[in-house]
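Student: Please find one structure pasted underneath; my questions will follow.
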Amino acid sequence: MKSLLLFCLSLLPAFASDGAVAEHAINLSTTWVGVVCLIVFVAGYYFIAAEEVYHVNKAKPAIFIGTFMFILIGIYMAINGMDMQPLDHEVEHLILEIAEIVFFLTVAMTYIEALIDRDVFNTLKYNLVSKGYSYKRLFWLTGVIAFFLSPIADNLTTALILSTVLLTIDRTNKQFLVAGAINIVVAANAGGAWSPFGDITTLMVWAAGKSPFIDFLALFPASIIGWLITAWLLSWSVPAGSPHFDANTEQKFCIKHGGKPIIYLGIITIVCAVLSHQFFHLPAMFGMMFGLSLLGVYTYIFKKIYKNEEPLNLFHFISKIEHDTLLFFFGILSAVGALHYLGFLDYLVRLYDHFGFTSINIAVGFISAIVDNVPVMSAVLKSNPTMNADEWLLVTLTAGIGGSMISFGSAAGVGVMGKLKGIYTFGAHMAQAWKVLAGYIVSLVIWYVQFEILGLY
């Protein structure tokens with residue numbers, strides 16, 4: 001907790017786009033409202049991190065601290081007769097930034113729910129387990145799928161889907177399940193690091209205009225080689241043999257009508273988001289919302305074509321998305337936005353000035369494993385250090401894959417822990433953590449050779 005407190009003192013503002021840093025006449029971090037807000041944040045974040053202990057949905061403390069801290073700031077400024085206009089400007093800009101993230105994720109989650117409804121992922125699971133593959137081959141297949149699916153479907157969704165596949169393959173072989181679970185978490189996080197759609201942190205960096213879409217692809221070598229090293233080390237513990245499969249008892253799945261067109265519409269939606277952001281400088285969520293409208297049009301066409309089938313309902317898909325996740329992002333980004341307004345960001349700037357960009361960006365990966373990559377990346381973006389593209393891509397890489405070093409260090413890891421309760425645990429992960437660390441170090445080496453020596457980006 002002492003380390004967490006020291007970290008919070010320096011790394012807790014919210015992200016912003018270029019030119020979004022508010023100018024403050026004074027620094028409120030040393031006033032009573034600064035101290036109280038910091039305590040509120042640390043207490044709230046403790047309950048967020050201990051969600052499994054207290055059985056309190058993380059969105060609840062996040063919303064509380066995100067709103068209460070701004071109310072405290074307003075009270076302090078009113079008591080002292082301060083000008084409210086800077087606070088109004090900060091909140092208005094923060095709402096705009098959060099809206100961009102929430103609308104973007106809403107569309108992505110809606111498409112995922114539509115694909116689930118059409119049994120796309122169930123078909124994938126059945127095809128994997130019905131082939132009679134060995135444990136080692138299934139280990140590598142699930143890892144490869146996780147690495148290449150997460151850039152499109154995001155790391156959390158990918159990890160949840162493929163951890164369910166693991167349970168479908170064999171619920172009793174703990175040795176296979178633990179190795180496979182760690183492999184999926186690492187692969188999903190590594191795959192999400194080289195695509196703005198793969199992780200909330202990469203989305204934040206892209207939305208902030210720190211790097212064009214195409215530049216993220218330059219992280220592919222570091223991401224895949226680092227994962228391959230970890231996967232190769234993990235494969236040593238995968239048992240020999242093949243899982244039992246009985247075609248007479250296993251339910252067979254195939255993609256329902258409308259599934260393939262929705263896949264194509266999802267790809268078109270991603271293309272629209274990228275092109276509208278890169279060429280028209282529109283927020284990426286505009287392209288995503290256009291894609292949502294296309295899905296709505298298709299549900300109408302589906303009803304006309306397949307009159308004898310139950311119609312697709314766009315708003316039913318929207319109702320099934322994880323709204324608590326969206327509310328969590330609102331709360332946590334509001335909370336760190338309040339800490340930014342109070343002036344705590346100055347500490348992070350001093351760290352960059354004292355230790356250098358590369359050292360701090362590498363440390364971000366380790367901090368992400370302990371805390372969470374969203375507030376960490378928020379801090380870096382809000383501080384807006386004058387880094388070149390190579391350093392922005394480095395911090396994107398480290399924040400994305402750093403959480404894999406600890407089981408609860410990433411949303412993907414937490415999700416898989418929930419799916420494989422009692423099997424994939426903190427202790428089981430830490431027993432293999434050195435293998436994940438080895439892959440992390442290799443990724444850093446690849447980045448250094450590619451970006452700093454060869455200049456290939």
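Simple scheme: letters A, B, ... for chains in structure tokens order, numbers from 1 for residues in each chain, numbers from 1 for ligands in the order shown.
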Can you check which parts of region 140-241 of chain A lie within 9 Å of region 368-374 of chain A? Per residue, the shortest pair of atoms and distance in Å to one decimal, counting only C-alpha atoms, sorted by chain and number, as a Markdown table.
Tutor:
```
| residue | atom | partner | partner_atom | distance |
| --- | --- | --- | --- | --- |
| A:Ile200 | CA | A:Val374 | CA | 7.0 |
| A:Thr201 | CA | A:Val374 | CA | 5.9 |
| A:Met204 | CA | A:Val374 | CA | 8.8 |
```
Student: For N, CA, C and O atoms, I'd like the residues from the last selection saved as a JSON list (two decimals), in the first residue's frame.
Tutor:
```json
[["chain", "number", "residue", "atom", "x", "y", "z"],
["A", 200, "ILE", "N", -7.53, -0.98, -24.45],
["A", 200, "ILE", "CA", -7.99, 0.37, -24.17],
["A", 200, "ILE", "C", -6.82, 1.35, -24.16],
["A", 200, "ILE", "O", -6.97, 2.51, -24.56],
["A", 201, "THR", "N", -5.63, 0.90, -23.75],
["A", 201, "THR", "CA", -4.48, 1.81, -23.70],
["A", 201, "THR", "C", -4.01, 2.20, -25.10],
["A", 201, "THR", "O", -3.68, 3.36, -25.35],
["A", 204, "MET", "N", -6.39, 4.65, -26.46],
["A", 204, "MET", "CA", -6.18, 5.98, -25.89],
["A", 204, "MET", "C", -5.03, 6.70, -26.57],
["A", 204, "MET", "O", -5.13, 7.90, -26.87]]
```
Student: Excluding Ala412 (chain A) and any residue of its chain fewer than 5 positions from it, enumerate the residues within 6 Å of it, using only C-alpha atoms, and give them as number ranges by chain.
Tutor: A: 155-156, 159, 185
Student: Can you pull out the residues contacting region 390-399 of chain A? Cut-off 10 Å, using only C-alpha atoms, and skip same-chain residues under 6 positions away; I want them as a ChimeraX atom specification.
Tutor: /A:189-190,192-196,199,201-206,210-211,215-220,222-223,357-358,360-369,372-374,376-377,380-381,410,440,443-444,447-448,450-452,455-457
Student: Choose the residue, out of A:Ala62, A:Val436, A:Leu265, A:Ala188, that has the smallest atom-to-atom separation from Pro375 (chain A); count only C-alpha atoms.
Tutor: A:Ala62
Student: Name the closest residue to Gly66 (chain A) among the candidates A:Gly180, A:Gly331, A:Pro311, A:Gly143; distances are taken between atoms, counting only C-alpha atoms.
Tutor: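 So, comparing all the options, the nearest one is A:Gly331.
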Student: Leaving out Asp324 (chain A) and any residue of its chain fewer than 4 positions from it, which residues lie within 9 Å of it when counting only C-alpha atoms, given as a PyMOL selection string?
Tutor: chain A and resi 57-60+328-329
